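Enquirer: Take a look at work16.cif, mmCIF, C-alpha atoms and all ligand atoms:
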```cif
data_coords
#
loop_
_atom_site.label_atom_id
_atom_site.label_comp_id
_atom_site.auth_asym_id
_atom_site.auth_seq_id
_atom_site.Cartn_x
_atom_site.Cartn_y
_atom_site.Cartn_z
CA MET A 1 -23.05 48.46 15.85
CA THR A 2 -24.98 51.71 15.53
CA SER A 3 -23.69 54.42 17.77
CA GLY A 4 -25.66 57.29 19.27
CA ILE A 5 -29.44 57.19 19.21
CA LEU A 6 -29.76 54.83 16.23
CA GLY A 7 -27.21 56.90 14.37
CA LEU A 8 -28.04 60.33 15.84
CA LYS A 9 -24.83 61.78 17.32
CA ASP A 10 -26.30 64.99 18.75
CA VAL A 11 -29.66 66.02 20.18
CA VAL A 12 -30.24 69.43 18.60
CA SER A 13 -33.84 69.31 17.36
CA ILE A 14 -36.60 66.80 17.96
CA LYS A 15 -37.34 67.21 14.25
CA ASP A 16 -34.22 65.08 13.69
CA PHE A 17 -35.92 62.16 15.45
CA SER A 18 -37.94 59.50 13.68
CA ARG A 19 -40.64 57.56 15.49
CA ARG A 20 -38.31 54.57 15.51
CA GLN A 21 -35.59 56.54 17.25
CA ILE A 22 -38.06 57.88 19.85
CA GLU A 23 -39.44 54.42 20.54
CA TRP A 24 -35.97 52.92 20.80
CA LEU A 25 -35.00 55.65 23.26
CA TYR A 26 -38.11 54.95 25.34
CA GLU A 27 -37.26 51.26 25.51
CA GLU A 28 -33.85 52.27 26.84
CA ALA A 29 -35.46 54.74 29.29
CA GLU A 30 -37.70 51.94 30.64
CA LYS A 31 -34.59 49.95 31.50
CA MET A 32 -33.18 52.93 33.38
CA GLU A 33 -35.70 52.72 36.21
CA ASN A 34 -33.74 49.82 37.74
CA VAL A 35 -30.41 51.42 36.93
CA PHE A 36 -31.60 54.59 38.69
CA ARG A 37 -32.29 52.60 41.86
CA ARG A 38 -29.08 50.57 41.83
CA GLY A 39 -26.66 52.96 40.15
CA SER A 40 -24.30 51.89 37.39
CA ASP A 41 -20.79 52.50 36.12
CA VAL A 42 -21.38 52.31 32.34
CA LEU A 43 -20.19 55.90 31.97
CA ARG A 44 -17.29 55.66 34.42
CA GLY A 45 -14.48 57.96 33.28
CA LYS A 46 -16.83 60.03 31.09
CA ILE A 47 -17.33 63.74 31.69
CA LEU A 48 -20.37 65.79 30.74
CA ALA A 49 -20.02 69.58 30.48
CA THR A 50 -23.15 71.57 31.30
CA LEU A 51 -22.98 75.00 29.68
CA PHE A 52 -26.07 76.87 30.86
CA MET A 53 -26.23 80.44 29.67
CA GLU A 54 -29.77 80.91 30.94
CA PRO A 55 -31.30 80.01 34.31
CA SER A 56 -32.26 76.38 34.94
CA THR A 57 -33.29 74.17 37.84
CA ARG A 58 -34.68 70.97 36.37
CA THR A 59 -32.78 70.52 33.15
CA ARG A 60 -29.31 71.01 34.63
CA LEU A 61 -29.95 69.01 37.80
CA SER A 62 -31.67 66.31 35.79
CA PHE A 63 -28.73 65.86 33.40
CA THR A 64 -26.36 65.97 36.38
CA THR A 65 -28.34 63.29 38.24
CA ALA A 66 -28.56 61.16 35.10
CA MET A 67 -24.79 61.34 34.62
CA TYR A 68 -24.01 60.49 38.26
CA LYS A 69 -26.42 57.56 38.24
CA LEU A 70 -24.53 56.15 35.25
CA GLY A 71 -21.17 56.55 37.00
CA GLY A 72 -19.99 59.59 35.04
CA GLN A 73 -18.95 63.04 36.17
CA VAL A 74 -20.13 66.56 35.43
CA ILE A 75 -18.34 69.89 34.99
CA GLY A 76 -19.84 73.28 34.27
CA PHE A 77 -20.19 76.86 35.33
CA GLU A 78 -22.95 78.12 37.56
CA SER A 79 -23.77 81.22 35.54
CA VAL A 80 -22.74 83.37 32.60
CA GLU A 81 -21.38 85.92 35.09
CA ALA A 82 -19.03 83.29 36.53
CA SER A 83 -17.62 82.32 33.11
CA SER A 84 -15.46 84.00 30.47
CA ILE A 85 -18.63 84.80 28.51
CA ALA A 86 -18.88 87.73 30.92
CA LYS A 87 -15.52 88.90 29.52
CA GLY A 88 -16.91 88.78 25.99
CA GLU A 89 -15.88 85.29 24.86
CA ASN A 90 -17.95 84.03 21.93
CA LEU A 91 -19.78 80.69 21.69
CA ASN A 92 -17.27 79.29 19.19
CA ASP A 93 -14.35 79.81 21.54
CA THR A 94 -16.21 78.51 24.59
CA VAL A 95 -17.23 75.32 22.76
CA LYS A 96 -13.81 74.74 21.12
CA THR A 97 -12.24 75.04 24.57
CA VAL A 98 -14.72 72.99 26.59
CA GLU A 99 -14.71 70.07 24.11
CA ASN A 100 -11.17 69.37 25.32
CA TYR A 101 -12.42 68.75 28.84
CA CYS A 102 -15.40 66.49 28.22
CA ASP A 103 -17.11 63.70 26.29
CA ALA A 104 -20.35 65.60 25.63
CA ILE A 105 -21.76 69.10 26.02
CA VAL A 106 -25.22 70.07 27.23
CA LEU A 107 -25.90 73.62 26.07
CA ARG A 108 -28.60 76.08 27.03
CA HIS A 109 -28.39 79.37 25.17
CA TRP A 110 -30.60 82.41 24.68
CA LEU A 111 -30.19 82.34 20.90
CA GLU A 112 -32.07 80.25 18.35
CA GLY A 113 -29.60 78.19 16.35
CA ALA A 114 -26.98 78.13 19.11
CA ALA A 115 -27.17 74.38 19.67
CA ARG A 116 -27.03 73.62 15.94
CA PHE A 117 -24.00 75.86 15.57
CA ALA A 118 -22.28 74.22 18.56
CA SER A 119 -22.98 70.74 17.16
CA GLU A 120 -21.40 71.72 13.85
CA ILE A 121 -18.14 72.91 15.40
CA ALA A 122 -17.76 70.54 18.36
CA ASN A 123 -15.94 67.22 18.13
CA VAL A 124 -18.08 65.80 20.97
CA PRO A 125 -21.87 65.24 20.99
CA VAL A 126 -23.95 68.34 21.76
CA ILE A 127 -27.30 68.14 23.53
CA ASN A 128 -29.64 71.11 23.21
CA ALA A 129 -31.04 72.04 26.62
CA GLY A 130 -32.94 75.03 25.23
CA SER A 131 -32.13 77.31 22.29
CA GLY A 132 -33.88 80.66 22.64
CA THR A 133 -37.57 80.48 21.75
CA GLU A 134 -36.86 77.70 19.26
CA GLU A 135 -36.56 74.25 20.86
CA HIS A 136 -36.03 72.17 23.97
CA PRO A 137 -35.91 68.64 22.54
CA THR A 138 -35.08 66.62 25.67
CA GLN A 139 -38.01 68.27 27.48
CA ALA A 140 -40.33 67.14 24.69
CA LEU A 141 -38.88 63.63 24.81
CA LEU A 142 -39.64 63.44 28.52
CA ASP A 143 -43.07 65.03 28.07
CA ILE A 144 -44.10 62.40 25.52
CA PHE A 145 -42.53 59.65 27.66
CA THR A 146 -44.67 60.91 30.58
CA ILE A 147 -47.80 60.70 28.41
CA LYS A 148 -46.88 57.16 27.37
CA ARG A 149 -46.26 56.05 30.96
CA GLU A 150 -49.24 57.81 32.53
CA VAL A 151 -51.86 57.19 29.84
CA GLY A 152 -50.46 53.97 28.41
CA THR A 153 -50.42 55.20 24.82
CA VAL A 154 -49.71 58.30 22.77
CA ASP A 155 -51.58 57.34 19.60
CA GLY A 156 -55.25 58.23 19.53
CA LEU A 157 -55.03 61.05 22.10
CA LYS A 158 -56.31 64.59 22.00
CA VAL A 159 -53.58 66.85 23.37
CA ALA A 160 -54.14 70.51 24.30
CA ILE A 161 -51.08 72.74 24.56
CA MET A 162 -51.87 75.98 26.37
CA GLY A 163 -49.95 79.11 27.24
CA ASP A 164 -47.25 81.26 25.72
CA LEU A 165 -46.92 79.45 22.41
CA LYS A 166 -45.06 82.34 20.82
CA TYR A 167 -42.04 82.63 23.11
CA GLY A 168 -42.14 79.19 24.74
CA ARG A 169 -39.74 76.58 23.35
CA THR A 170 -41.02 73.44 25.06
CA VAL A 171 -44.38 73.79 23.27
CA LYS A 172 -42.66 73.84 19.89
CA SER A 173 -40.52 70.78 20.52
CA LEU A 174 -43.55 68.99 21.97
CA SER A 175 -45.62 69.77 18.87
CA TYR A 176 -42.86 68.59 16.52
CA GLY A 177 -42.37 65.44 18.59
CA LEU A 178 -46.08 64.62 18.65
CA ALA A 179 -46.08 64.82 14.86
CA ASN A 180 -44.58 61.30 14.96
CA PHE A 181 -47.77 60.02 16.55
CA ASP A 182 -51.44 59.78 15.63
CA VAL A 183 -52.67 62.61 17.87
CA GLU A 184 -54.94 65.63 17.55
CA ILE A 185 -53.39 68.88 18.75
CA TYR A 186 -55.38 71.77 20.23
CA LEU A 187 -53.33 74.94 20.58
CA VAL A 188 -54.73 77.32 23.19
CA SER A 189 -53.31 80.81 23.75
CA PRO A 190 -54.13 84.50 23.96
CA GLU A 191 -54.40 85.85 20.41
CA SER A 192 -51.05 87.69 20.59
CA LEU A 193 -49.17 84.59 21.80
CA ARG A 194 -50.27 82.15 19.10
CA MET A 195 -48.02 79.40 17.80
CA PRO A 196 -45.79 80.85 15.04
CA GLU A 197 -46.86 80.13 11.45
CA ASP A 198 -43.77 78.10 10.58
CA VAL A 199 -44.57 75.60 13.35
CA ILE A 200 -48.19 75.28 12.20
CA ARG A 201 -47.00 74.74 8.64
CA TYR A 202 -44.64 71.99 9.80
CA LEU A 203 -47.49 70.23 11.60
CA GLU A 204 -49.77 70.54 8.59
CA LYS A 205 -47.09 69.12 6.34
CA LYS A 206 -46.93 66.15 8.69
CA LYS A 207 -50.71 65.78 8.16
CA MET A 208 -51.51 66.52 11.77
CA HIS A 209 -54.94 67.52 12.98
CA VAL A 210 -54.40 70.98 14.51
CA GLU A 211 -56.99 73.39 15.91
CA GLU A 212 -56.37 76.78 17.53
CA TYR A 213 -58.37 78.34 20.38
CA ASN A 214 -58.18 81.38 22.63
CA THR A 215 -59.67 79.61 25.66
CA LEU A 216 -59.93 76.08 27.00
CA ASP A 217 -63.72 76.21 27.48
CA GLU A 218 -64.68 74.66 24.16
CA ILE A 219 -62.36 71.67 24.40
CA ILE A 220 -61.77 70.94 28.09
CA ARG A 221 -64.33 68.11 28.09
CA LYS A 222 -62.79 66.12 25.28
CA ILE A 223 -59.03 66.32 25.76
CA ASP A 224 -56.85 63.53 27.20
CA VAL A 225 -53.77 65.63 27.95
CA LEU A 226 -53.47 69.28 28.96
CA TYR A 227 -49.97 70.75 28.73
CA VAL A 228 -49.68 74.20 30.31
CA THR A 229 -46.77 76.64 30.17
CA ARG A 230 -45.99 79.97 31.81
CA LEU A 231 -45.75 83.35 30.12
CA GLN A 232 -42.09 83.71 29.13
CA LYS A 233 -41.70 87.10 30.82
CA GLU A 234 -37.99 87.42 30.07
CA ARG A 235 -38.63 87.14 26.32
CA PHE A 236 -41.30 89.82 26.08
CA PRO A 237 -39.88 92.85 24.26
CA ASP A 238 -42.35 95.09 26.13
CA ALA A 239 -43.00 94.85 29.89
CA ALA A 240 -46.40 96.53 29.47
CA GLU A 241 -47.48 93.79 27.07
CA TYR A 242 -46.51 91.17 29.66
CA GLU A 243 -48.51 92.96 32.37
CA LYS A 244 -51.52 93.06 30.05
CA LEU A 245 -51.40 89.30 29.48
CA ARG A 246 -50.61 88.28 33.04
CA GLY A 247 -53.34 86.08 34.46
CA SER A 248 -55.02 85.76 31.05
CA TYR A 249 -55.23 81.97 31.40
CA LYS A 250 -55.42 79.84 34.48
CA VAL A 251 -56.21 76.25 35.39
CA ASP A 252 -57.89 75.67 38.74
CA VAL A 253 -59.98 72.97 40.37
CA LYS A 254 -63.12 74.43 38.83
CA THR A 255 -61.64 74.23 35.32
CA LEU A 256 -60.75 70.59 35.92
CA SER A 257 -64.21 69.66 37.18
CA GLU A 258 -65.24 69.68 33.52
CA ALA A 259 -62.37 67.49 32.32
CA LYS A 260 -62.38 63.73 31.76
CA PRO A 261 -61.58 62.02 35.09
CA ASN A 262 -58.42 60.50 33.61
CA MET A 263 -57.18 63.61 31.79
CA ILE A 264 -53.58 64.30 32.73
CA LEU A 265 -52.16 67.76 33.34
CA LEU A 266 -48.51 68.38 32.44
CA HIS A 267 -46.27 71.43 32.85
CA PRO A 268 -42.55 71.73 32.07
CA LEU A 269 -42.22 74.05 35.10
CA PRO A 270 -41.42 76.58 36.47
CA ARG A 271 -45.02 77.50 37.27
CA LEU A 272 -46.07 81.05 37.98
CA ASP A 273 -49.82 81.55 38.43
CA GLU A 274 -51.20 79.59 35.47
CA VAL A 275 -51.88 76.43 37.52
CA ASP A 276 -53.48 76.94 40.92
CA PRO A 277 -51.56 75.05 43.67
CA GLU A 278 -54.90 73.50 44.70
CA VAL A 279 -54.66 71.45 41.49
CA ASP A 280 -51.55 69.65 42.81
CA LYS A 281 -53.74 67.43 44.97
CA THR A 282 -55.96 66.27 42.10
CA PRO A 283 -55.26 63.01 40.26
CA HIS A 284 -54.89 65.07 37.05
CA ALA A 285 -51.62 66.66 38.18
CA LYS A 286 -48.59 64.83 36.80
CA TYR A 287 -46.12 67.72 36.66
CA PHE A 288 -44.14 66.53 39.64
CA LYS A 289 -43.78 63.10 38.05
CA GLN A 290 -42.37 64.54 34.83
CA PRO A 291 -38.99 65.31 36.47
CA PHE A 292 -38.53 61.62 37.39
CA TYR A 293 -39.35 60.46 33.86
CA GLY A 294 -36.98 63.18 32.71
CA VAL A 295 -34.03 61.63 34.52
CA LEU A 296 -34.78 58.22 32.95
CA VAL A 297 -34.99 59.70 29.45
CA ARG A 298 -31.78 61.70 29.96
CA MET A 299 -29.99 58.62 31.31
CA ALA A 300 -31.00 56.81 28.12
CA ILE A 301 -29.77 59.72 25.98
CA LEU A 302 -26.42 59.97 27.79
CA LYS A 303 -25.81 56.25 27.67
CA ALA A 304 -26.59 56.15 23.95
CA LEU A 305 -24.38 59.12 23.08
CA LEU A 306 -21.47 58.38 25.40
CA SER A 307 -20.97 54.65 25.87
C1 LIG A 401 -38.54 75.38 30.34
C2 LIG A 401 -37.54 76.14 29.48
O1 LIG A 401 -36.43 76.43 29.94
O2 LIG A 401 -37.87 76.37 28.35
N1 LIG A 401 -38.01 74.93 31.55
C3 LIG A 401 -37.60 73.62 31.64
O3 LIG A 401 -36.56 73.27 31.13
N2 LIG A 401 -38.39 72.73 32.24
C4 LIG A 401 -39.84 76.05 30.50
C5 LIG A 401 -39.91 77.47 30.99
O4 LIG A 401 -38.89 78.07 31.33
O5 LIG A 401 -41.03 77.98 31.02
#
```
Let me see whether you can do it: turn the structure in this file into C-alpha cells.
Ligand code: NCD
Expert:
Amino acid sequence: MTSGILGLKDVVSIKDFSRRQIEWLYEEAEKMENVFRRGSDVLRGKILATLFMEPSTRTRLSFTTAMYKLGGQVIGFESVEASSIAKGENLNDTVKTVENYCDAIVLRHWLEGAARFASEIANVPVINAGSGTEEHPTQALLDIFTIKREVGTVDGLKVAIMGDLKYGRTVKSLSYGLANFDVEIYLVSPESLRMPEDVIRYLEKKKMHVEEYNTLDEIIRKIDVLYVTRLQKERFPDAAEYEKLRGSYKVDVKTLSEAKPNMILLHPLPRLDEVDPEVDKTPHAKYFKQPFYGVLVRMAILKALLS
C-alpha cells in the first residue's frame, strides 16, 4: 500500500505534486463531502499540531475543522506571543519538541524555506500553511479544486491572476499548480509588484502560455477565471510604497459587466478593497465557496497523511 499522497509524506511545495497526485487527492476530496456531513472517526486518536507564526483565520480553522470532522484532535498556540518563540526559541527546537505531542504538524511561518526545513528535521509529516512570500500549497490545491468544481474542468481555461504577485504566496503556488494543466495564465499587477522572474522561468520551463499585463482591461472579456489577491501590506519594506499602490487595482460590478457571464471570481481572502462588496451578490463571486472546498481538500490531505 502506498502511504501519504501517493508516496508524498509532507506537503511543503505544490511543485512536489504531479498531476496524478493532484487528481488522486481530488477524488479523495470528492468523497469527503459526505464524510463532512456525517462525521467520521478514521483519525480517532490522532493529533494535529497547528503552529501558526503569522495571523490566520481560514487556514487554521479549516485544518481544525477538517481534523475534527475526521475524528481527530488539534493542539496549537494562538500566537507567537503566547509561545516560547517569544522567549527566543528557534524553529528547530519548537519542531523537535512539538513532534513528540502529535502525528502531524501544520506550520505557517514568515520565512521562505521554513516548511522545507521543518519537514527535513521532523519525524512526523509537515504541512506548509504558508512560508513567507514563497508558497501556500494547500491554498492552491483548494483553489484549483474550486475551479474544477465550479467550472467543471481545469484544462482549456484562461486564468487571470491579479494583485500583489511579488509578495503574495498563494499566487505562486497557484501558478505552479496550474502548470500541471493545459491552461493559459494571464498575470496582472502593478509594474512594481510583478511575478518574480524565477516563477516565470518555472512556468516557461513547463511550457505554459504566460502573458503579463498591468491592467485587466485588455483581457477581461476572454478569461474564464479571475483570481484576485490583496496587497500584502505587512511584507512591504516601505510604508510609503504601500500607500502609493493602495487602490491601484479594483474589481467592481462595472468591471464584471465586461466579463463572460460564467467567468468565476476567486480570492484566497482576506479582502481589503480590491473586490467591491457589491460583487458578492453577482454569480461570478465564488470566494465564499472556496472555504468549503478547502475543508474537503484538507480532510483528504489529513486522511492521506495520517491514516
Ligand atoms: C493568504 C495567505 O496567508 O497567504 N491567506 C489565506 O491563507 N487564505 C492570503 C493573504 O493573506 O492575502
Enquirer: Determine, for each residue of chain A having at least one atom at most 7 Å from an atom of ligand LIG 401 (chain A), the closest pair of atoms and their separation in Å to one decimal, counting only C-alpha atoms and all ligand atoms; order by chain and ascending number, as JSON lines.
Expert:
```
{"residue": "A:Ser56", "atom": "CA", "partner": "A:LIG401", "partner_atom": "O1", "distance": 6.5}
{"residue": "A:Arg58", "atom": "CA", "partner": "A:LIG401", "partner_atom": "N2", "distance": 5.8}
{"residue": "A:Thr59", "atom": "CA", "partner": "A:LIG401", "partner_atom": "O3", "distance": 5.1}
{"residue": "A:Gly130", "atom": "CA", "partner": "A:LIG401", "partner_atom": "O2", "distance": 6.0}
{"residue": "A:His136", "atom": "CA", "partner": "A:LIG401", "partner_atom": "O2", "distance": 6.3}
{"residue": "A:Gln139", "atom": "CA", "partner": "A:LIG401", "partner_atom": "O3", "distance": 6.4}
{"residue": "A:Gly168", "atom": "CA", "partner": "A:LIG401", "partner_atom": "O2", "distance": 6.3}
{"residue": "A:Arg169", "atom": "CA", "partner": "A:LIG401", "partner_atom": "O2", "distance": 5.3}
{"residue": "A:Thr170", "atom": "CA", "partner": "A:LIG401", "partner_atom": "O2", "distance": 5.4}
{"residue": "A:Thr229", "atom": "CA", "partner": "A:LIG401", "partner_atom": "O5", "distance": 6.0}
{"residue": "A:Arg230", "atom": "CA", "partner": "A:LIG401", "partner_atom": "O5", "distance": 5.4}
{"residue": "A:Gln232", "atom": "CA", "partner": "A:LIG401", "partner_atom": "O5", "distance": 6.1}
{"residue": "A:Pro268", "atom": "CA", "partner": "A:LIG401", "partner_atom": "N2", "distance": 4.3}
{"residue": "A:Leu269", "atom": "CA", "partner": "A:LIG401", "partner_atom": "N2", "distance": 5.0}
{"residue": "A:Pro270", "atom": "CA", "partner": "A:LIG401", "partner_atom": "O5", "distance": 5.6}
```
Enquirer: Save out the residues we just selected, C-alpha atoms, as an mmCIF file, in the frame of the given file.
Expert:
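That gives us result.cif:
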```
data_model
loop_
_atom_site.group_PDB
_atom_site.id
_atom_site.type_symbol
_atom_site.label_atom_id
_atom_site.label_comp_id
_atom_site.auth_asym_id
_atom_site.auth_seq_id
_atom_site.Cartn_x
_atom_site.Cartn_y
_atom_site.Cartn_z
ATOM 1 C CA SER A 56 -32.260 76.380 34.940
ATOM 2 C CA ARG A 58 -34.680 70.970 36.370
ATOM 3 C CA THR A 59 -32.780 70.520 33.150
ATOM 4 C CA GLY A 130 -32.940 75.030 25.230
ATOM 5 C CA HIS A 136 -36.030 72.170 23.970
ATOM 6 C CA GLN A 139 -38.010 68.270 27.480
ATOM 7 C CA GLY A 168 -42.140 79.190 24.740
ATOM 8 C CA ARG A 169 -39.740 76.580 23.350
ATOM 9 C CA THR A 170 -41.020 73.440 25.060
ATOM 10 C CA THR A 229 -46.770 76.640 30.170
ATOM 11 C CA ARG A 230 -45.990 79.970 31.810
ATOM 12 C CA GLN A 232 -42.090 83.710 29.130
ATOM 13 C CA PRO A 268 -42.550 71.730 32.070
ATOM 14 C CA LEU A 269 -42.220 74.050 35.100
ATOM 15 C CA PRO A 270 -41.420 76.580 36.470
#
```
Enquirer: Extract, using all atoms listed in the file, all DNA, RNA and protein residues at most 12 Å from segment 33-37 of chain A, discarding same-chain residues fewer than 5 positions from it, and format them as an NGL selection string.
Expert: :A and (26-28 or 42 or 65-71 or 292-300 or 303)
Enquirer: Quick one: distance from atom CA of Val228 of chain A to atom CA of Ile161 of chain A in Å, one decimal?
Expert: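 Atom CA of Val228 of chain A sits 6.1 Å away from atom CA of Ile161 of chain A.
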Enquirer: For Pro283 of chain A, which residue among A:Arg221, A:Val80, A:Lys207, A:Glu150 is the nearest when counting all atoms listed in the file?
Expert: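 Closest to Pro283 of chain A, using all atoms listed in the file: A:Glu150.
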Enquirer: Once you count all atoms listed in the file, what closest atom pair and distance in Å to one decimal does each residue of segment 3-48 of chain A within 9 Å of segment 114-124 of chain A have, with rows by chain and rising residue number, as JSON lines?
Expert:
```
{"residue": "A:Lys9", "atom": "CA", "partner": "A:Val124", "partner_atom": "CA", "distance": 8.7}
{"residue": "A:Asp10", "atom": "CA", "partner": "A:Ser119", "partner_atom": "CA", "distance": 6.8}
{"residue": "A:Val11", "atom": "CA", "partner": "A:Ser119", "partner_atom": "CA", "distance": 8.7}
{"residue": "A:Val12", "atom": "CA", "partner": "A:Arg116", "partner_atom": "CA", "distance": 5.9}
{"residue": "A:Ser13", "atom": "CA", "partner": "A:Arg116", "partner_atom": "CA", "distance": 8.2}
```
Enquirer: Nearest to Glu241 of chain A among A:Gly4, A:Gly113, A:Pro190, A:Pro261, with distances taken over all atoms listed in the file: which residue is it?
Expert: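 Nearest candidate to Glu241 of chain A out of A:Gly4, A:Gly113, A:Pro190, A:Pro261: A:Pro190.
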Enquirer: Just add all heavy atoms to segment 56-64 of chain A and send it as a short mmCIF file (atom, residue, chain, number, x, y, z; two decimals), keeping the file's coordinate frame.
Expert:
```cif
data_model
loop_
_atom_site.label_atom_id
_atom_site.label_comp_id
_atom_site.auth_asym_id
_atom_site.auth_seq_id
_atom_site.Cartn_x
_atom_site.Cartn_y
_atom_site.Cartn_z
N SER A 56 -31.69 77.73 35.03
CA SER A 56 -32.26 76.38 34.94
C SER A 56 -32.26 75.76 36.34
O SER A 56 -31.32 75.96 37.10
CB SER A 56 -31.41 75.51 34.02
OG SER A 56 -31.81 74.15 34.10
N THR A 57 -33.29 75.02 36.64
CA THR A 57 -33.29 74.17 37.84
C THR A 57 -33.33 72.72 37.39
O THR A 57 -32.40 71.95 37.59
CB THR A 57 -34.51 74.47 38.74
OG1 THR A 57 -34.37 75.80 39.23
CG2 THR A 57 -34.58 73.50 39.92
N ARG A 58 -34.44 72.36 36.73
CA ARG A 58 -34.68 70.97 36.37
C ARG A 58 -33.70 70.41 35.35
O ARG A 58 -33.13 69.35 35.54
CB ARG A 58 -36.10 70.78 35.82
CG ARG A 58 -37.14 70.60 36.87
CD ARG A 58 -38.46 71.17 36.42
NE ARG A 58 -38.35 72.61 36.39
CZ ARG A 58 -38.62 73.39 37.42
NH1 ARG A 58 -39.04 72.88 38.54
NH2 ARG A 58 -38.47 74.70 37.36
N THR A 59 -33.54 71.11 34.25
CA THR A 59 -32.78 70.52 33.15
C THR A 59 -31.34 70.24 33.57
O THR A 59 -30.81 69.16 33.33
CB THR A 59 -32.85 71.42 31.90
OG1 THR A 59 -34.22 71.70 31.63
CG2 THR A 59 -32.24 70.73 30.69
N ARG A 60 -30.72 71.22 34.24
CA ARG A 60 -29.31 71.01 34.63
C ARG A 60 -29.18 69.93 35.70
O ARG A 60 -28.35 69.03 35.60
CB ARG A 60 -28.68 72.31 35.11
CG ARG A 60 -27.17 72.21 35.24
CD ARG A 60 -26.51 73.57 35.28
NE ARG A 60 -26.91 74.32 36.46
CZ ARG A 60 -26.27 74.27 37.62
NH1 ARG A 60 -25.20 73.51 37.75
NH2 ARG A 60 -26.69 74.97 38.65
N LEU A 61 -30.04 70.01 36.73
CA LEU A 61 -29.95 69.01 37.80
C LEU A 61 -30.32 67.62 37.29
O LEU A 61 -29.80 66.61 37.75
CB LEU A 61 -30.83 69.41 38.98
CG LEU A 61 -30.38 70.67 39.72
CD1 LEU A 61 -31.31 70.96 40.89
CD2 LEU A 61 -28.95 70.54 40.22
N SER A 62 -31.23 67.58 36.34
CA SER A 62 -31.67 66.31 35.79
C SER A 62 -30.54 65.64 34.98
O SER A 62 -30.27 64.44 35.14
CB SER A 62 -32.90 66.59 34.93
OG SER A 62 -33.30 65.50 34.18
N PHE A 63 -29.87 66.41 34.14
CA PHE A 63 -28.73 65.86 33.40
C PHE A 63 -27.61 65.46 34.36
O PHE A 63 -26.94 64.44 34.18
CB PHE A 63 -28.20 66.87 32.38
CG PHE A 63 -28.86 66.74 31.03
CD1 PHE A 63 -29.72 67.72 30.55
CD2 PHE A 63 -28.63 65.63 30.23
CE1 PHE A 63 -30.34 67.59 29.31
CE2 PHE A 63 -29.24 65.49 28.99
CZ PHE A 63 -30.10 66.47 28.53
N THR A 64 -27.42 66.27 35.41
CA THR A 64 -26.36 65.97 36.38
C THR A 64 -26.68 64.67 37.11
O THR A 64 -25.83 63.78 37.24
CB THR A 64 -26.22 67.15 37.38
OG1 THR A 64 -25.94 68.33 36.64
CG2 THR A 64 -25.10 66.90 38.37
#
```
